[in-house]
Protein chains: 2
Amino acid sequence: MARWEPDSRGRLERAALALYGERGFDNTTVAEIAARAGLTERTFFRYFADKREVLFWGAASLQEHLVNSVSAAPQTAPPIEAVAAALEATGTVFDDERRDGARQRQHVISANTELRERELIKLASLGGALAEALRGRGVEDPAATLAAEAGIAVFKVAFERWVGHTEGDYAHFVREALAELRAVTAGT
Amino acid sequence: MARWEPDSRGRLERAALALYGERGFDNTTVAEIAARAGLTERTFFRYFADKREVLFWGAASLQEHLVNSVSAAPQTAPPIEAVAAALEATGTVFDDERRDGARQRQHVISANTELRERELIKLASLGGALAEALRGRGVEDPAATLAAEAGIAVFKVAFERWVGHTEGDYAHFVREALAELRAVTAGT
């Protein structure tokens, strides 16, 4: 019988991020992650399918969060506003406590081709889900696709700034990036 | 000594697209492609590293084409205009003769997860190259990144429409998609 371990997932995640940063993702084993966290490999596999999943397990709930927010936006909100409001609302996920972990994760991913590709695929899937949520609000294509893609561009820029700063909340960077996208697209 | 075969690359490409469409990408072998084209496997491998490359060999020259056009745009052109002009200029690549092949390719890719992922990675790489070309023109971030991402969104929508229609040239669909992106981003 496994003992109950408080915050096992969090401990494994922090141990994995530290090790990926120190030795690189490819050179870290699940056994090492478990040992660093003071847990067993068996416990690791109760939370994560493999060592890559430590970096991507949050994607599904982020996507669900965004899709629900888009669907719940006031019916009168233009598509881009529904998307922006959903992105701002993820500020509850991307809070100050998560910023260090998000930064570490970002470094690990950018150092590894396979992980960068996985991240791209995650973002594309997020974009597809946003477009689908907009269609569910009666937004037609290409507006749904374009608003979703614009949203992903805003998300990427806002996220990068958020992890690159020690102050300023995520929602603020979303608004800022959206304003910049508007200026850029208008061609000013 | 191999005989010189006129348009071997084109024949192999058409044979591959036809077979991928008939049997699926995974169920087609290089031997079958070569046989359908009336050529040898050895000739196939003179042009393509593997059967996937038949679908992606044009990506490098497309990227080069786009990057050169962005760099050559008038210095006064706003970033989004430099990108849009570059996309319009690819109309010389995406001409009416290529439309059927592009449509077949699109079908093959959308039917296969691995190929869809490869296509996403190709587009992301294209976006990165466009952003880099804009930085080379003195455009700062995040404007360079946002204009490049906006350009990729326009590219995707324009390309999809172009393959979905039998008339209308590619440059026309680029302008149309850009106008739509502007309306969507403005929130109207």
# chains A, B, ... in the order shown; residues from 1 in each chain; ligands from 1
$ select_by_dssp --residues "segment 13-140 of chain B" --states "alpha helix (DSSP H)" --output "PDB file with N, CA and C atoms, in the first residue's frame"
ATOM      1  N   GLU B  13       6.295  12.770 -58.005  1.00  0.00           N
ATOM      2  CA  GLU B  13       5.395  13.511 -57.115  1.00  0.00           C
ATOM      3  C   GLU B  13       3.930  13.202 -57.456  1.00  0.00           C
ATOM      4  N   ARG B  14       3.605  13.225 -58.728  1.00  0.00           N
ATOM      5  CA  ARG B  14       2.218  12.947 -59.123  1.00  0.00           C
ATOM      6  C   ARG B  14       1.826  11.510 -58.782  1.00  0.00           C
ATOM      7  N   ALA B  15       2.762  10.586 -59.016  1.00  0.00           N
ATOM      8  CA  ALA B  15       2.479   9.176 -58.692  1.00  0.00           C
ATOM      9  C   ALA B  15       2.259   9.008 -57.193  1.00  0.00           C
ATOM     10  N   ALA B  16       3.117   9.680 -56.394  1.00  0.00           N
ATOM     11  CA  ALA B  16       3.001   9.567 -54.932  1.00  0.00           C
ATOM     12  C   ALA B  16       1.669  10.143 -54.450  1.00  0.00           C
ATOM     13  N   LEU B  17       1.317  11.318 -54.940  1.00  0.00           N
ATOM     14  CA  LEU B  17       0.063  11.947 -54.503  1.00  0.00           C
ATOM     15  C   LEU B  17      -1.134  11.069 -54.859  1.00  0.00           C
ATOM     16  N   ALA B  18      -1.106  10.497 -56.048  1.00  0.00           N
ATOM     17  CA  ALA B  18      -2.216   9.636 -56.465  1.00  0.00           C
ATOM     18  C   ALA B  18      -2.314   8.426 -55.531  1.00  0.00           C
ATOM     19  N   LEU B  19      -1.165   7.794 -55.249  1.00  0.00           N
ATOM     20  CA  LEU B  19      -1.173   6.602 -54.399  1.00  0.00           C
ATOM     21  C   LEU B  19      -1.552   6.929 -52.955  1.00  0.00           C
ATOM     22  N   TYR B  20      -1.030   8.035 -52.423  1.00  0.00           N
ATOM     23  CA  TYR B  20      -1.379   8.427 -51.051  1.00  0.00           C
ATOM     24  C   TYR B  20      -2.893   8.638 -50.958  1.00  0.00           C
ATOM     25  N   GLY B  21      -3.460   9.215 -52.008  1.00  0.00           N
ATOM     26  CA  GLY B  21      -4.904   9.459 -52.026  1.00  0.00           C
ATOM     27  C   GLY B  21      -5.695   8.160 -52.107  1.00  0.00           C
ATOM     28  N   GLU B  22      -5.183   7.206 -52.888  1.00  0.00           N
ATOM     29  CA  GLU B  22      -5.912   5.938 -53.078  1.00  0.00           C
ATOM     30  C   GLU B  22      -5.810   5.019 -51.867  1.00  0.00           C
ATOM     31  N   ARG B  23      -4.570   4.865 -51.337  1.00  0.00           N
ATOM     32  CA  ARG B  23      -4.352   3.842 -50.296  1.00  0.00           C
ATOM     33  C   ARG B  23      -4.032   4.426 -48.936  1.00  0.00           C
ATOM     34  N   VAL B  30       7.680   3.189 -51.315  1.00  0.00           N
ATOM     35  CA  VAL B  30       8.492   3.872 -52.328  1.00  0.00           C
ATOM     36  C   VAL B  30       8.526   3.033 -53.610  1.00  0.00           C
ATOM     37  N   ALA B  31       8.593   1.705 -53.469  1.00  0.00           N
ATOM     38  CA  ALA B  31       8.619   0.821 -54.646  1.00  0.00           C
ATOM     39  C   ALA B  31       7.370   1.042 -55.499  1.00  0.00           C
ATOM     40  N   GLU B  32       6.233   1.181 -54.835  1.00  0.00           N
ATOM     41  CA  GLU B  32       4.984   1.391 -55.570  1.00  0.00           C
ATOM     42  C   GLU B  32       4.954   2.753 -56.278  1.00  0.00           C
ATOM     43  N   ILE B  33       5.492   3.761 -55.586  1.00  0.00           N
ATOM     44  CA  ILE B  33       5.537   5.096 -56.200  1.00  0.00           C
ATOM     45  C   ILE B  33       6.397   5.062 -57.459  1.00  0.00           C
ATOM     46  N   ALA B  34       7.577   4.461 -57.318  1.00  0.00           N
ATOM     47  CA  ALA B  34       8.501   4.390 -58.456  1.00  0.00           C
ATOM     48  C   ALA B  34       7.856   3.629 -59.619  1.00  0.00           C
ATOM     49  N   ALA B  35       7.221   2.492 -59.298  1.00  0.00           N
ATOM     50  CA  ALA B  35       6.586   1.687 -60.347  1.00  0.00           C
ATOM     51  C   ALA B  35       5.489   2.485 -61.049  1.00  0.00           C
ATOM     52  N   ARG B  36       4.654   3.170 -60.274  1.00  0.00           N
ATOM     53  CA  ARG B  36       3.578   3.957 -60.875  1.00  0.00           C
ATOM     54  C   ARG B  36       4.123   5.054 -61.797  1.00  0.00           C
ATOM     55  N   ALA B  37       5.281   5.611 -61.394  1.00  0.00           N
ATOM     56  CA  ALA B  37       5.889   6.673 -62.198  1.00  0.00           C
ATOM     57  C   ALA B  37       6.694   6.102 -63.365  1.00  0.00           C
ATOM     58  N   GLU B  41      13.336   2.721 -57.942  1.00  0.00           N
ATOM     59  CA  GLU B  41      13.461   3.226 -56.568  1.00  0.00           C
ATOM     60  C   GLU B  41      14.701   4.094 -56.433  1.00  0.00           C
ATOM     61  N   ARG B  42      15.742   3.669 -57.135  1.00  0.00           N
ATOM     62  CA  ARG B  42      16.984   4.416 -57.096  1.00  0.00           C
ATOM     63  C   ARG B  42      16.780   5.853 -57.571  1.00  0.00           C
ATOM     64  N   THR B  43      15.983   6.001 -58.616  1.00  0.00           N
ATOM     65  CA  THR B  43      15.673   7.357 -59.107  1.00  0.00           C
ATOM     66  C   THR B  43      14.873   8.127 -58.058  1.00  0.00           C
ATOM     67  N   PHE B  44      13.922   7.435 -57.426  1.00  0.00           N
ATOM     68  CA  PHE B  44      13.154   8.095 -56.353  1.00  0.00           C
ATOM     69  C   PHE B  44      14.100   8.714 -55.330  1.00  0.00           C
ATOM     70  N   PHE B  45      15.062   7.896 -54.877  1.00  0.00           N
ATOM     71  CA  PHE B  45      15.948   8.369 -53.802  1.00  0.00           C
ATOM     72  C   PHE B  45      16.972   9.407 -54.296  1.00  0.00           C
ATOM     73  N   ARG B  46      17.050   9.591 -55.601  1.00  0.00           N
ATOM     74  CA  ARG B  46      17.882  10.678 -56.092  1.00  0.00           C
ATOM     75  C   ARG B  46      17.181  12.027 -55.845  1.00  0.00           C
ATOM     76  N   TYR B  47      15.858  11.993 -55.757  1.00  0.00           N
ATOM     77  CA  TYR B  47      15.100  13.236 -55.594  1.00  0.00           C
ATOM     78  C   TYR B  47      14.571  13.456 -54.175  1.00  0.00           C
ATOM     79  N   GLU B  53       9.073  13.227 -47.727  1.00  0.00           N
ATOM     80  CA  GLU B  53       9.676  14.420 -48.336  1.00  0.00           C
ATOM     81  C   GLU B  53       8.983  14.833 -49.630  1.00  0.00           C
ATOM     82  N   VAL B  54       8.297  13.884 -50.273  1.00  0.00           N
ATOM     83  CA  VAL B  54       7.556  14.230 -51.489  1.00  0.00           C
ATOM     84  C   VAL B  54       6.546  15.341 -51.183  1.00  0.00           C
ATOM     85  N   LEU B  55       6.033  15.329 -49.952  1.00  0.00           N
ATOM     86  CA  LEU B  55       5.003  16.308 -49.566  1.00  0.00           C
ATOM     87  C   LEU B  55       5.595  17.611 -49.042  1.00  0.00           C
ATOM     88  N   PHE B  56       6.875  17.592 -48.676  1.00  0.00           N
ATOM     89  CA  PHE B  56       7.431  18.764 -47.992  1.00  0.00           C
ATOM     90  C   PHE B  56       8.667  19.367 -48.652  1.00  0.00           C
ATOM     91  N   ALA B  59       8.962  23.201 -49.184  1.00  0.00           N
ATOM     92  CA  ALA B  59       8.900  24.138 -48.056  1.00  0.00           C
ATOM     93  C   ALA B  59      10.120  25.063 -47.995  1.00  0.00           C
ATOM     94  N   ALA B  60      11.287  24.516 -48.257  1.00  0.00           N
ATOM     95  CA  ALA B  60      12.510  25.319 -48.142  1.00  0.00           C
ATOM     96  C   ALA B  60      12.524  26.446 -49.170  1.00  0.00           C
ATOM     97  N   SER B  61      12.110  26.125 -50.403  1.00  0.00           N
ATOM     98  CA  SER B  61      12.150  27.184 -51.421  1.00  0.00           C
ATOM     99  C   SER B  61      11.032  28.196 -51.193  1.00  0.00           C
ATOM    100  N   LEU B  62       9.893  27.734 -50.676  1.00  0.00           N
ATOM    101  CA  LEU B  62       8.818  28.675 -50.323  1.00  0.00           C
ATOM    102  C   LEU B  62       9.315  29.650 -49.254  1.00  0.00           C
ATOM    103  N   GLN B  63       9.986  29.094 -48.248  1.00  0.00           N
ATOM    104  CA  GLN B  63      10.496  29.934 -47.161  1.00  0.00           C
ATOM    105  C   GLN B  63      11.517  30.950 -47.681  1.00  0.00           C
ATOM    106  N   GLU B  64      12.397  30.483 -48.541  1.00  0.00           N
ATOM    107  CA  GLU B  64      13.420  31.365 -49.102  1.00  0.00           C
ATOM    108  C   GLU B  64      12.762  32.484 -49.909  1.00  0.00           C
ATOM    109  N   HIS B  65      11.790  32.111 -50.700  1.00  0.00           N
ATOM    110  CA  HIS B  65      11.027  33.042 -51.527  1.00  0.00           C
ATOM    111  C   HIS B  65      10.387  34.129 -50.651  1.00  0.00           C
ATOM    112  N   LEU B  66       9.726  33.698 -49.581  1.00  0.00           N
ATOM    113  CA  LEU B  66       9.040  34.639 -48.689  1.00  0.00           C
ATOM    114  C   LEU B  66      10.034  35.569 -47.988  1.00  0.00           C
ATOM    115  N   VAL B  67      11.095  34.978 -47.487  1.00  0.00           N
ATOM    116  CA  VAL B  67      12.090  35.769 -46.754  1.00  0.00           C
ATOM    117  C   VAL B  67      12.724  36.817 -47.678  1.00  0.00           C
ATOM    118  N   ASN B  68      13.066  36.410 -48.899  1.00  0.00           N
ATOM    119  CA  ASN B  68      13.650  37.364 -49.846  1.00  0.00           C
ATOM    120  C   ASN B  68      12.678  38.482 -50.177  1.00  0.00           C
ATOM    121  N   SER B  69      11.401  38.147 -50.351  1.00  0.00           N
ATOM    122  CA  SER B  69      10.408  39.178 -50.670  1.00  0.00           C
ATOM    123  C   SER B  69      10.243  40.161 -49.520  1.00  0.00           C
ATOM    124  N   VAL B  70      10.223  39.641 -48.294  1.00  0.00           N
ATOM    125  CA  VAL B  70      10.090  40.534 -47.127  1.00  0.00           C
ATOM    126  C   VAL B  70      11.291  41.480 -47.071  1.00  0.00           C
ATOM    127  N   SER B  71      12.470  40.924 -47.282  1.00  0.00           N
ATOM    128  CA  SER B  71      13.675  41.754 -47.226  1.00  0.00           C
ATOM    129  C   SER B  71      13.686  42.806 -48.331  1.00  0.00           C
ATOM    130  N   ALA B  72      13.091  42.465 -49.479  1.00  0.00           N
ATOM    131  CA  ALA B  72      13.142  43.372 -50.628  1.00  0.00           C
ATOM    132  C   ALA B  72      12.007  44.405 -50.639  1.00  0.00           C
ATOM    133  N   PRO B  79       5.350  46.552 -41.440  1.00  0.00           N
ATOM    134  CA  PRO B  79       5.653  45.108 -41.390  1.00  0.00           C
ATOM    135  C   PRO B  79       4.559  44.228 -42.009  1.00  0.00           C
ATOM    136  N   ILE B  80       3.305  44.490 -41.673  1.00  0.00           N
ATOM    137  CA  ILE B  80       2.236  43.622 -42.185  1.00  0.00           C
ATOM    138  C   ILE B  80       2.135  43.734 -43.702  1.00  0.00           C
ATOM    139  N   GLU B  81       2.457  44.893 -44.246  1.00  0.00           N
ATOM    140  CA  GLU B  81       2.413  45.067 -45.700  1.00  0.00           C
ATOM    141  C   GLU B  81       3.573  44.352 -46.374  1.00  0.00           C
ATOM    142  N   ALA B  82       4.728  44.380 -45.733  1.00  0.00           N
ATOM    143  CA  ALA B  82       5.882  43.651 -46.277  1.00  0.00           C
ATOM    144  C   ALA B  82       5.569  42.156 -46.326  1.00  0.00           C
ATOM    145  N   VAL B  83       4.915  41.660 -45.269  1.00  0.00           N
ATOM    146  CA  VAL B  83       4.552  40.235 -45.217  1.00  0.00           C
ATOM    147  C   VAL B  83       3.474  39.921 -46.253  1.00  0.00           C
ATOM    148  N   ALA B  84       2.459  40.776 -46.334  1.00  0.00           N
ATOM    149  CA  ALA B  84       1.365  40.528 -47.276  1.00  0.00           C
ATOM    150  C   ALA B  84       1.887  40.552 -48.714  1.00  0.00           C
ATOM    151  N   ALA B  85       2.780  41.489 -49.018  1.00  0.00           N
ATOM    152  CA  ALA B  85       3.340  41.562 -50.371  1.00  0.00           C
ATOM    153  C   ALA B  85       4.126  40.293 -50.688  1.00  0.00           C
ATOM    154  N   ALA B  86       4.858  39.789 -49.692  1.00  0.00           N
ATOM    155  CA  ALA B  86       5.617  38.552 -49.889  1.00  0.00           C
ATOM    156  C   ALA B  86       4.673  37.378 -50.155  1.00  0.00           C
ATOM    157  N   LEU B  87       3.582  37.314 -49.394  1.00  0.00           N
ATOM    158  CA  LEU B  87       2.608  36.235 -49.590  1.00  0.00           C
ATOM    159  C   LEU B  87       1.970  36.337 -50.975  1.00  0.00           C
ATOM    160  N   GLU B  88       1.607  37.544 -51.369  1.00  0.00           N
ATOM    161  CA  GLU B  88       1.023  37.736 -52.700  1.00  0.00           C
ATOM    162  C   GLU B  88       1.989  37.274 -53.783  1.00  0.00           C
ATOM    163  N   ALA B  89       3.262  37.560 -53.566  1.00  0.00           N
ATOM    164  CA  ALA B  89       4.268  37.200 -54.572  1.00  0.00           C
ATOM    165  C   ALA B  89       4.413  35.699 -54.728  1.00  0.00           C
ATOM    166  N   ASP B  96      -2.268  28.270 -61.250  1.00  0.00           N
ATOM    167  CA  ASP B  96      -3.373  27.363 -61.561  1.00  0.00           C
ATOM    168  C   ASP B  96      -2.921  25.933 -61.846  1.00  0.00           C
ATOM    169  N   GLU B  97      -1.731  25.800 -62.429  1.00  0.00           N
ATOM    170  CA  GLU B  97      -1.225  24.458 -62.741  1.00  0.00           C
ATOM    171  C   GLU B  97      -0.977  23.629 -61.486  1.00  0.00           C
ATOM    172  N   ARG B  98      -0.684  24.316 -60.393  1.00  0.00           N
ATOM    173  CA  ARG B  98      -0.359  23.589 -59.168  1.00  0.00           C
ATOM    174  C   ARG B  98      -1.572  23.321 -58.291  1.00  0.00           C
ATOM    175  N   ARG B  99      -2.689  23.935 -58.659  1.00  0.00           N
ATOM    176  CA  ARG B  99      -3.828  23.888 -57.743  1.00  0.00           C
ATOM    177  C   ARG B  99      -4.301  22.461 -57.463  1.00  0.00           C
ATOM    178  N   ASP B 100      -4.417  21.616 -58.508  1.00  0.00           N
ATOM    179  CA  ASP B 100      -4.885  20.238 -58.292  1.00  0.00           C
ATOM    180  C   ASP B 100      -3.931  19.459 -57.383  1.00  0.00           C
ATOM    181  N   GLY B 101      -2.647  19.608 -57.651  1.00  0.00           N
ATOM    182  CA  GLY B 101      -1.651  18.914 -56.832  1.00  0.00           C
ATOM    183  C   GLY B 101      -1.712  19.385 -55.390  1.00  0.00           C
ATOM    184  N   ALA B 102      -1.886  20.703 -55.207  1.00  0.00           N
ATOM    185  CA  ALA B 102      -1.949  21.267 -53.856  1.00  0.00           C
ATOM    186  C   ALA B 102      -3.178  20.731 -53.114  1.00  0.00           C
ATOM    187  N   ARG B 103      -4.263  20.571 -53.837  1.00  0.00           N
ATOM    188  CA  ARG B 103      -5.492  20.058 -53.227  1.00  0.00           C
ATOM    189  C   ARG B 103      -5.308  18.604 -52.790  1.00  0.00           C
ATOM    190  N   GLN B 104      -4.708  17.811 -53.678  1.00  0.00           N
ATOM    191  CA  GLN B 104      -4.446  16.396 -53.342  1.00  0.00           C
ATOM    192  C   GLN B 104      -3.551  16.308 -52.115  1.00  0.00           C
ATOM    193  N   ARG B 105      -2.493  17.133 -52.126  1.00  0.00           N
ATOM    194  CA  ARG B 105      -1.556  17.139 -51.005  1.00  0.00           C
ATOM    195  C   ARG B 105      -2.271  17.464 -49.704  1.00  0.00           C
ATOM    196  N   GLN B 106      -3.142  18.476 -49.756  1.00  0.00           N
ATOM    197  CA  GLN B 106      -3.908  18.911 -48.595  1.00  0.00           C
ATOM    198  C   GLN B 106      -4.756  17.747 -48.025  1.00  0.00           C
ATOM    199  N   HIS B 107      -5.390  17.007 -48.918  1.00  0.00           N
ATOM    200  CA  HIS B 107      -6.216  15.876 -48.479  1.00  0.00           C
ATOM    201  C   HIS B 107      -5.376  14.811 -47.793  1.00  0.00           C
ATOM    202  N   VAL B 108      -4.230  14.514 -48.398  1.00  0.00           N
ATOM    203  CA  VAL B 108      -3.351  13.491 -47.834  1.00  0.00           C
ATOM    204  C   VAL B 108      -2.903  13.911 -46.439  1.00  0.00           C
ATOM    205  N   ILE B 109      -2.511  15.172 -46.309  1.00  0.00           N
ATOM    206  CA  ILE B 109      -1.997  15.644 -45.028  1.00  0.00           C
ATOM    207  C   ILE B 109      -3.086  15.662 -43.965  1.00  0.00           C
ATOM    208  N   SER B 110      -4.277  16.115 -44.338  1.00  0.00           N
ATOM    209  CA  SER B 110      -5.306  16.222 -43.294  1.00  0.00           C
ATOM    210  C   SER B 110      -5.786  14.852 -42.826  1.00  0.00           C
ATOM    211  N   THR B 113      -2.243  12.111 -38.908  1.00  0.00           N
ATOM    212  CA  THR B 113      -1.810  12.925 -37.763  1.00  0.00           C
ATOM    213  C   THR B 113      -0.353  13.360 -37.874  1.00  0.00           C
ATOM    214  N   GLU B 114       0.513  12.425 -38.195  1.00  0.00           N
ATOM    215  CA  GLU B 114       1.942  12.741 -38.253  1.00  0.00           C
ATOM    216  C   GLU B 114       2.217  13.811 -39.312  1.00  0.00           C
ATOM    217  N   LEU B 115       1.526  13.706 -40.442  1.00  0.00           N
ATOM    218  CA  LEU B 115       1.731  14.690 -41.519  1.00  0.00           C
ATOM    219  C   LEU B 115       1.149  16.043 -41.132  1.00  0.00           C
ATOM    220  N   ARG B 116       0.018  16.036 -40.445  1.00  0.00           N
ATOM    221  CA  ARG B 116      -0.560  17.305 -39.980  1.00  0.00           C
ATOM    222  C   ARG B 116       0.413  17.994 -39.029  1.00  0.00           C
ATOM    223  N   GLU B 117       1.037  17.201 -38.153  1.00  0.00           N
ATOM    224  CA  GLU B 117       2.006  17.779 -37.220  1.00  0.00           C
ATOM    225  C   GLU B 117       3.209  18.344 -37.971  1.00  0.00           C
ATOM    226  N   ARG B 118       3.657  17.611 -38.986  1.00  0.00           N
ATOM    227  CA  ARG B 118       4.797  18.077 -39.775  1.00  0.00           C
ATOM    228  C   ARG B 118       4.444  19.400 -40.474  1.00  0.00           C
ATOM    229  N   GLU B 119       3.227  19.491 -40.956  1.00  0.00           N
ATOM    230  CA  GLU B 119       2.767  20.707 -41.637  1.00  0.00           C
ATOM    231  C   GLU B 119       2.733  21.884 -40.652  1.00  0.00           C
ATOM    232  N   LEU B 120       2.286  21.638 -39.440  1.00  0.00           N
ATOM    233  CA  LEU B 120       2.271  22.682 -38.411  1.00  0.00           C
ATOM    234  C   LEU B 120       3.681  23.185 -38.130  1.00  0.00           C
ATOM    235  N   ILE B 121       4.612  22.227 -38.048  1.00  0.00           N
ATOM    236  CA  ILE B 121       5.994  22.583 -37.747  1.00  0.00           C
ATOM    237  C   ILE B 121       6.582  23.386 -38.904  1.00  0.00           C
ATOM    238  N   LYS B 122       6.222  23.007 -40.124  1.00  0.00           N
ATOM    239  CA  LYS B 122       6.672  23.742 -41.302  1.00  0.00           C
ATOM    240  C   LYS B 122       6.159  25.188 -41.242  1.00  0.00           C
ATOM    241  N   LEU B 123       4.887  25.347 -40.922  1.00  0.00           N
ATOM    242  CA  LEU B 123       4.306  26.694 -40.864  1.00  0.00           C
ATOM    243  C   LEU B 123       4.929  27.521 -39.740  1.00  0.00           C
ATOM    244  N   ALA B 124       5.209  26.873 -38.618  1.00  0.00           N
ATOM    245  CA  ALA B 124       5.836  27.594 -37.510  1.00  0.00           C
ATOM    246  C   ALA B 124       7.239  28.041 -37.900  1.00  0.00           C
ATOM    247  N   SER B 125       7.936  27.185 -38.622  1.00  0.00           N
ATOM    248  CA  SER B 125       9.278  27.536 -39.070  1.00  0.00           C
ATOM    249  C   SER B 125       9.212  28.697 -40.053  1.00  0.00           C
ATOM    250  N   LEU B 126       8.205  28.681 -40.910  1.00  0.00           N
ATOM    251  CA  LEU B 126       7.962  29.772 -41.852  1.00  0.00           C
ATOM    252  C   LEU B 126       7.700  31.071 -41.087  1.00  0.00           C
ATOM    253  N   GLY B 127       6.894  30.980 -40.035  1.00  0.00           N
ATOM    254  CA  GLY B 127       6.600  32.156 -39.210  1.00  0.00           C
ATOM    255  C   GLY B 127       7.860  32.703 -38.552  1.00  0.00           C
ATOM    256  N   GLY B 128       8.688  31.792 -38.045  1.00  0.00           N
ATOM    257  CA  GLY B 128       9.941  32.205 -37.419  1.00  0.00           C
ATOM    258  C   GLY B 128      10.855  32.900 -38.417  1.00  0.00           C
ATOM    259  N   ALA B 129      10.894  32.372 -39.644  1.00  0.00           N
ATOM    260  CA  ALA B 129      11.752  32.960 -40.683  1.00  0.00           C
ATOM    261  C   ALA B 129      11.234  34.340 -41.102  1.00  0.00           C
ATOM    262  N   LEU B 130       9.908  34.483 -41.164  1.00  0.00           N
ATOM    263  CA  LEU B 130       9.330  35.791 -41.510  1.00  0.00           C
ATOM    264  C   LEU B 130       9.648  36.824 -40.428  1.00  0.00           C
ATOM    265  N   ALA B 131       9.513  36.420 -39.174  1.00  0.00           N
ATOM    266  CA  ALA B 131       9.812  37.333 -38.059  1.00  0.00           C
ATOM    267  C   ALA B 131      11.280  37.764 -38.119  1.00  0.00           C
ATOM    268  N   GLU B 132      12.157  36.790 -38.409  1.00  0.00           N
ATOM    269  CA  GLU B 132      13.589  37.079 -38.505  1.00  0.00           C
ATOM    270  C   GLU B 132      13.870  38.060 -39.650  1.00  0.00           C
ATOM    271  N   ALA B 133      13.198  37.873 -40.779  1.00  0.00           N
ATOM    272  CA  ALA B 133      13.377  38.777 -41.926  1.00  0.00           C
ATOM    273  C   ALA B 133      12.897  40.190 -41.569  1.00  0.00           C
ATOM    274  N   LEU B 134      11.823  40.264 -40.788  1.00  0.00           N
ATOM    275  CA  LEU B 134      11.331  41.584 -40.367  1.00  0.00           C
ATOM    276  C   LEU B 134      12.330  42.249 -39.422  1.00  0.00           C
ATOM    277  N   ARG B 135      12.897  41.464 -38.496  1.00  0.00           N
ATOM    278  CA  ARG B 135      13.912  42.023 -37.599  1.00  0.00           C
ATOM    279  C   ARG B 135      15.087  42.535 -38.411  1.00  0.00           C
ATOM    280  N   GLY B 136      15.399  41.854 -39.490  1.00  0.00           N
ATOM    281  CA  GLY B 136      16.464  42.284 -40.386  1.00  0.00           C
ATOM    282  C   GLY B 136      16.157  43.626 -41.043  1.00  0.00           C
TER     283      GLY B 136
END
$ residues_around --residues "Ala143 of chain A" --least-positions-apart "2" --cutoff "12 Å" --atoms "only C-alpha atoms" --output "ChimeraX atom specification"
/A:78-80,130-132,134-135,137-141,145-151 /B:153-154,157,176-188
$ closest_residue --among "B:Ser8, B:Asn27, B:Thr40, B:Thr76" --to "chain A" --atoms "only C-alpha atoms"
B:Thr76
$ atom_distance --atom1 "atom CA of Ala111 of chain B" --atom2 "atom CA of Gly58 of chain B"
19.8 Å
$ atom_distance --atom1 "atom CA of Gly91 of chain B" --atom2 "atom CA of Asp169 of chain B"
7.0 Å
